[in-house]
Every structure is written in structure tokens, then in C-alpha cells.
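Report on the following structure.
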Amino acid sequence: MASMTSTGAPIDHNLRPQDLDAFFMPFTPQRQYKQDPRIIVSARGMYYTDSKGHETLDASAGLWCVNAGHYRTHINQAIAAQLEQLDFAHNFNSGHPLVFDYAQRLVKHVPDPLNHVFFTNSGSESVDTALKIALAYHRARGQGTRQRLIGREFAYHGMGFGGLSVAGLVKNRQAFGLLLPGTDHIRGTHGLAANRFSAGLPPEGAELADDLERLVNLHGADSIAAVIVEPIGGAGGVHLPPQNYLQRLRDICDAHGILLIFDEVITGFGRIGACTAAERFGVTPDIMTTAKGITNATVPMGAVFVSEAIYDGFMASDQPGVELNHGYTYSGHPLACAAGMATLDIYEQENLFDRPKALYPHWEKSAMQLKGAKNVIDVRCFALIGAIEMSPRPGAPLARGAEAAKRCYERGAWVRAIGDSLVLSPPLIISEEEITRLFNIIQEAIEATE
């Protein structure tokens, strides 16, 4: 519903803008975009509508974040009600009731012993917070030499300086100088020929976790604070972990006193058939980052879960005052907490965390039908996440993916291109009929792309 001006005239915030110049857009070729802009004006359920009246199936849950589908009235009403009661209160030497209640409820959805949560405003902030907690924890327990942070090739960990430093996507890193010192990277798991078109988790590559031993031998275990990985690599192109890889990484970290951080900004809140990948894969990290689906993308929020041992390490300090000098103005914002509470209601009442497991057989069958399609060199899928990888066009990498994604949009499915891969992560409310339609559109688009 449109809001009202002071004169009583309705305000419609979703009219096509007259001038596109002032907004410096994120991750967008702006000169190209502004020649033919895509302006989204409404969303309901599984579908977006643009300013031309064109309706598209949301095959990406926004940006991996609208897990319960668009326009959930229960969430909208919870945000509106919170605005009427308490619009803002900070949590520095203070607090409001909802943030404590929400934290208590939230930790019940992640594996023990991750029983404490620090609130942020995004996935990028969650990652930087996790890295800082890891460094501060070692210092608090007298192991201040552990200052090195280890990431992985092809990884994405947001766009903060910490996250960029441990990430492994060169195009995201190359414009920003040397980034943080003292970081290093283990080998990525993507690209093994034997794993192409694997159904579910790929069979080969668990031994790639052993690359951490190389860095231990190079730098010394007592210099390494933490290793951060995405259980399933998302923004790098949906890279699935080889069978037993994550457990092997956990074992190596344990052997050398290194903290293991799971970046679950994408996999958290139901994407792979459980609230978290840690639960689904049976491997529990020391620290876990989340965001995106935590509020169904209605209000920006992130959350960092830490183990009892880490939390107790800070609380055991013999120094008076603040245990962790870190935080954000909007950490645990009342509106975000209200949205998060209502989002959890929907996840629980509609059993959405389990829904990807029920849909997976149809999802996998539909995806694997693209094996043999023109230029398709790999299909990766698990639960309700997937990628269709095409060979790059000679002399024009990225062009084939962008053109196929554009054709999908024109045919009624908004699919993201990452490189020459079409990546998929629809809202968890998608039906089998919509899955069939989605992959039919993708096949048509790929066949029409040279």
C-alpha cells in the first residue's frame, strides 16, 4: 500500500526513476546498465515484476536471501508493530528485550556448542567480526602469536577488508591493493574433471583439505589463528565440498589448535535442507557466520555464532570492562530482531528447513537433464542450490553466461550469471512445477546462445 504525504496525497516509491545518475551502483557495469535499465517495482511469492510489467520467477531468492519467498505478511506486520513500540535502541551498555529473546531462540537452531551469537548487519560484517573474534580469542588465552588467517581459492567472504583478504576471487581483490597482511590460502576444490556432473556431493577431492598441512609446515601452527571456508561455495559459482572434505579439515584444525570458521551466509537458514550446513553435513565449526536468510532479506542483519569455549575464553578475563571491543551501531536492531523472529516463525511453521530435501530428487533430475545441452560442461546441484556451467566463448569469457541469463529473464526466469555459469538458489517455497518450468527456460536460453 502506498504511504501518504502530509497533504494526504499517496506516495508511490516504485515509480520508474527519471534520473539514474546519482546512484553509484554495486557490482554493476553502470554505463551498460543505464542504457537499458532493469527496474524492479514489486515482488510476491516466487515472482518479481519490473517497470515494464514483465513478471519473472525468482531463481536466486534475491541474492541467496529471500528463502521464504517475497511479501510475507507475518514478517511485514512484525516490523510494523515493532516500529510502533520501539524504533531503535542501541546495545552498548544497554539492551532491549527482543534482542535477548531472539538470541536465545536463534541459538537453538544451530549445533551445540555454538550457543552464543553476536549480531551484525550483513554477511560482510559477519565475516570481519568472526575473523576479529578469532584473533582476539587467541590473544585472550595467551596465544597472541596466532595472527595468520587462512582462506581458500575461489572463495567469497563479502567485501570488507578482512573478508576480501581471505577470499579467493581475483576480480574482487585486484583493485584494492595488498589488503590485510598475514593471510594465505589453501587450494580450492573446484575443477576436478572426475567430479563433473556428479549427483550430490562430488566423490573426489577430500585430500585437498590436506593442503592446510602445507601452510602449517610453511608458517608454523602457532602462527595460524583460523581457517575460514564456505561449506558450499556460493558466489564463486556453487562449488560443492567433496565427500568427507569438511570433516578432514575439521580434524586438521583440531590437531593444530586452529579455529575453524564456516561462512554460512548463503547456506544458512534452510538452503541445503537443514538450518545450517554444519547440521546437514555433521561437521561443527568453532565460529559460524550467517546473514541473508536470517530476516528473509526484509531488514539487513547478520549473526556470528561462537562456541562455548570461545565465549568462555572472553568471559574468563581478569581485566575489568569490555571483553570484546567490537560492535556496530545497529547490532541487534529492534526492527531486524522483529523481522528475524517472524521469519523463524515461518521457517518453523512451514517446515521450510526440510523442504529442500523433499524437492531435491526433482531438482537434481531436472538439472541433470541439461547434461549434453549445447556448451554445457558441468552441472552441480545439491538440495536447492545449483549451477549450470558453460564453456567460455573463445576470446570472450563471461559473454556466454551473461547472454544466456538475459535470455532466461526475457523468457520469465531471473537467473544470475557468475562467469559462464548460471547459478540457482530459488526461494524454498518453489513448487515442482516451477522447478520444471525453470529448467525448461534455462535449456531454451542455453540452446539459443551461441
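Chain labels run A, B, ... following the order of the C-alpha cells; each chain numbers its residues from 1, and ligands are numbered from 1 in the order shown.
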
Which residues in segment 73-288 of chain A does DSSP call strand (DSSP E)? List them as a list in words.
His116, Val117, Phe118, Phe119, Thr120, Arg148, Leu149, Ile150, Gly151, Arg152, Thr183, Asp184, His185, Ile186, Ile224, Ala225, Ala226, Val227, Ile228, Val229, Leu259, Leu260, Ile261, Phe262, Asp263, Ile287 and Met288 of chain A

*10 Å contact set for Val127 of chain A, only C-alpha atoms, chain neighbours under 2 positions out, as a PyMOL selection string*: chain A and resi 120+122-125+129-133+157-164+166+228+261-265+287-291+302-304

Suppose we keep N, CA and C atoms; can you now write the selection as a CSV table (one decimal), in the first residue's frame?
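After the write, again01.csv holds the following:
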```csv
chain,number,residue,atom,x,y,z
A,120,THR,N,25.3,-8.6,13.7
A,120,THR,CA,25.9,-7.7,12.7
A,120,THR,C,24.8,-7.2,11.8
A,122,SER,N,25.2,-7.5,8.1
A,122,SER,CA,25.4,-8.1,6.8
A,122,SER,C,26.4,-9.3,6.9
A,123,GLY,N,26.4,-10.0,5.7
A,123,GLY,CA,27.4,-11.1,5.7
A,123,GLY,C,28.8,-10.6,5.7
A,124,SER,N,29.1,-9.5,5.1
A,124,SER,CA,30.5,-8.9,5.1
A,124,SER,C,30.9,-8.6,6.5
A,125,GLU,N,30.0,-7.9,7.3
A,125,GLU,CA,30.3,-7.6,8.7
A,125,GLU,C,30.4,-8.9,9.5
A,129,THR,N,33.7,-9.8,11.6
A,129,THR,CA,33.5,-10.0,13.1
A,129,THR,C,34.1,-11.3,13.5
A,130,ALA,N,33.8,-12.4,12.7
A,130,ALA,CA,34.4,-13.7,13.0
A,130,ALA,C,35.9,-13.7,13.0
A,131,LEU,N,36.5,-13.1,12.0
A,131,LEU,CA,37.9,-13.0,12.0
A,131,LEU,C,38.5,-12.3,13.2
A,132,LYS,N,37.9,-11.2,13.6
A,132,LYS,CA,38.3,-10.4,14.7
A,132,LYS,C,38.2,-11.2,16.0
A,133,ILE,N,37.0,-11.9,16.2
A,133,ILE,CA,36.8,-12.8,17.3
A,133,ILE,C,37.9,-13.8,17.4
A,157,HIS,N,33.9,-14.1,0.6
A,157,HIS,CA,33.6,-13.9,2.0
A,157,HIS,C,33.2,-12.4,2.2
A,158,GLY,N,32.4,-11.9,1.3
A,158,GLY,CA,32.0,-10.5,1.5
A,158,GLY,C,33.0,-9.5,1.0
A,159,MET,N,32.7,-8.2,1.2
A,159,MET,CA,33.6,-7.2,0.6
A,159,MET,C,34.2,-6.3,1.7
A,160,GLY,N,34.2,-6.7,2.9
A,160,GLY,CA,35.0,-6.0,3.9
A,160,GLY,C,36.5,-6.3,3.7
A,161,PHE,N,37.4,-5.5,4.3
A,161,PHE,CA,38.8,-5.8,4.1
A,161,PHE,C,39.2,-7.2,4.6
A,162,GLY,N,38.7,-7.6,5.8
A,162,GLY,CA,39.0,-8.9,6.3
A,162,GLY,C,38.5,-10.0,5.3
A,163,GLY,N,37.3,-9.9,4.9
A,163,GLY,CA,36.7,-10.9,4.1
A,163,GLY,C,37.4,-11.0,2.7
A,164,LEU,N,37.7,-9.8,2.1
A,164,LEU,CA,38.4,-9.8,0.9
A,164,LEU,C,39.8,-10.4,1.0
A,166,VAL,N,40.8,-12.9,2.9
A,166,VAL,CA,40.8,-14.4,3.0
A,166,VAL,C,40.0,-15.0,1.8
A,228,ILE,N,38.9,-20.2,7.4
A,228,ILE,CA,37.6,-19.9,7.0
A,228,ILE,C,37.2,-20.5,5.7
A,261,ILE,N,36.2,-21.7,10.9
A,261,ILE,CA,35.1,-20.9,10.7
A,261,ILE,C,34.3,-21.3,9.5
A,262,PHE,N,33.0,-21.5,9.6
A,262,PHE,CA,32.2,-21.8,8.5
A,262,PHE,C,31.5,-20.5,8.1
A,263,ASP,N,31.6,-20.1,6.9
A,263,ASP,CA,30.9,-18.9,6.3
A,263,ASP,C,29.6,-19.5,5.8
A,264,GLU,N,28.5,-19.4,6.6
A,264,GLU,CA,27.2,-19.9,6.1
A,264,GLU,C,26.2,-18.8,5.8
A,265,VAL,N,26.8,-17.7,5.3
A,265,VAL,CA,25.9,-16.6,4.9
A,265,VAL,C,24.9,-17.0,3.8
A,287,ILE,N,33.3,-21.2,14.9
A,287,ILE,CA,32.6,-20.0,14.7
A,287,ILE,C,31.8,-20.1,13.4
A,288,MET,N,30.6,-19.6,13.3
A,288,MET,CA,29.8,-19.6,12.1
A,288,MET,C,29.2,-18.3,11.8
A,289,THR,N,29.4,-17.9,10.5
A,289,THR,CA,28.8,-16.6,10.1
A,289,THR,C,27.5,-16.8,9.3
A,290,THR,N,26.5,-15.9,9.6
A,290,THR,CA,25.3,-16.0,8.8
A,290,THR,C,24.8,-14.6,8.5
A,291,ALA,N,23.8,-14.5,7.6
A,291,ALA,CA,23.1,-13.2,7.3
A,291,ALA,C,22.0,-13.6,6.3
A,302,GLY,N,22.9,-9.7,10.3
A,302,GLY,CA,23.8,-10.8,10.2
A,302,GLY,C,24.0,-11.4,11.7
A,303,ALA,N,24.5,-12.6,11.8
A,303,ALA,CA,24.7,-13.1,13.1
A,303,ALA,C,26.0,-14.0,13.0
A,304,VAL,N,26.8,-13.9,14.1
A,304,VAL,CA,28.0,-14.7,14.2
A,304,VAL,C,27.8,-15.6,15.4
```

Proximity to Tyr311 of chain A - best of A:Phe118, A:Phe197, A:Tyr409, A:Phe176, only C-alpha atoms
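Of A:Phe118, A:Phe197, A:Tyr409, A:Phe176, the one nearest Tyr311 of chain A, counting only C-alpha atoms, is A:Phe118.
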
- Task: Skip Ala134 of chain A itself and residues of its chain fewer than 6 positions away, then list as a list in words all residues within 8 Å of it, counting only C-alpha atoms.
- Result: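 Using only C-alpha atoms, the neighbours found are Ala225, Ala226 and Leu259 of chain A.
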
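Using only C-alpha atoms, the residues found no farther than 10 Å from Asn244 of chain A, other than those of its own chain fewer than 4 positions away, are Leu201, Pro202, Pro203, Glu204, Gly205, Ala206, Glu207, Ala209, Arg248, Leu249, Phe281 and Val283 of chain A.
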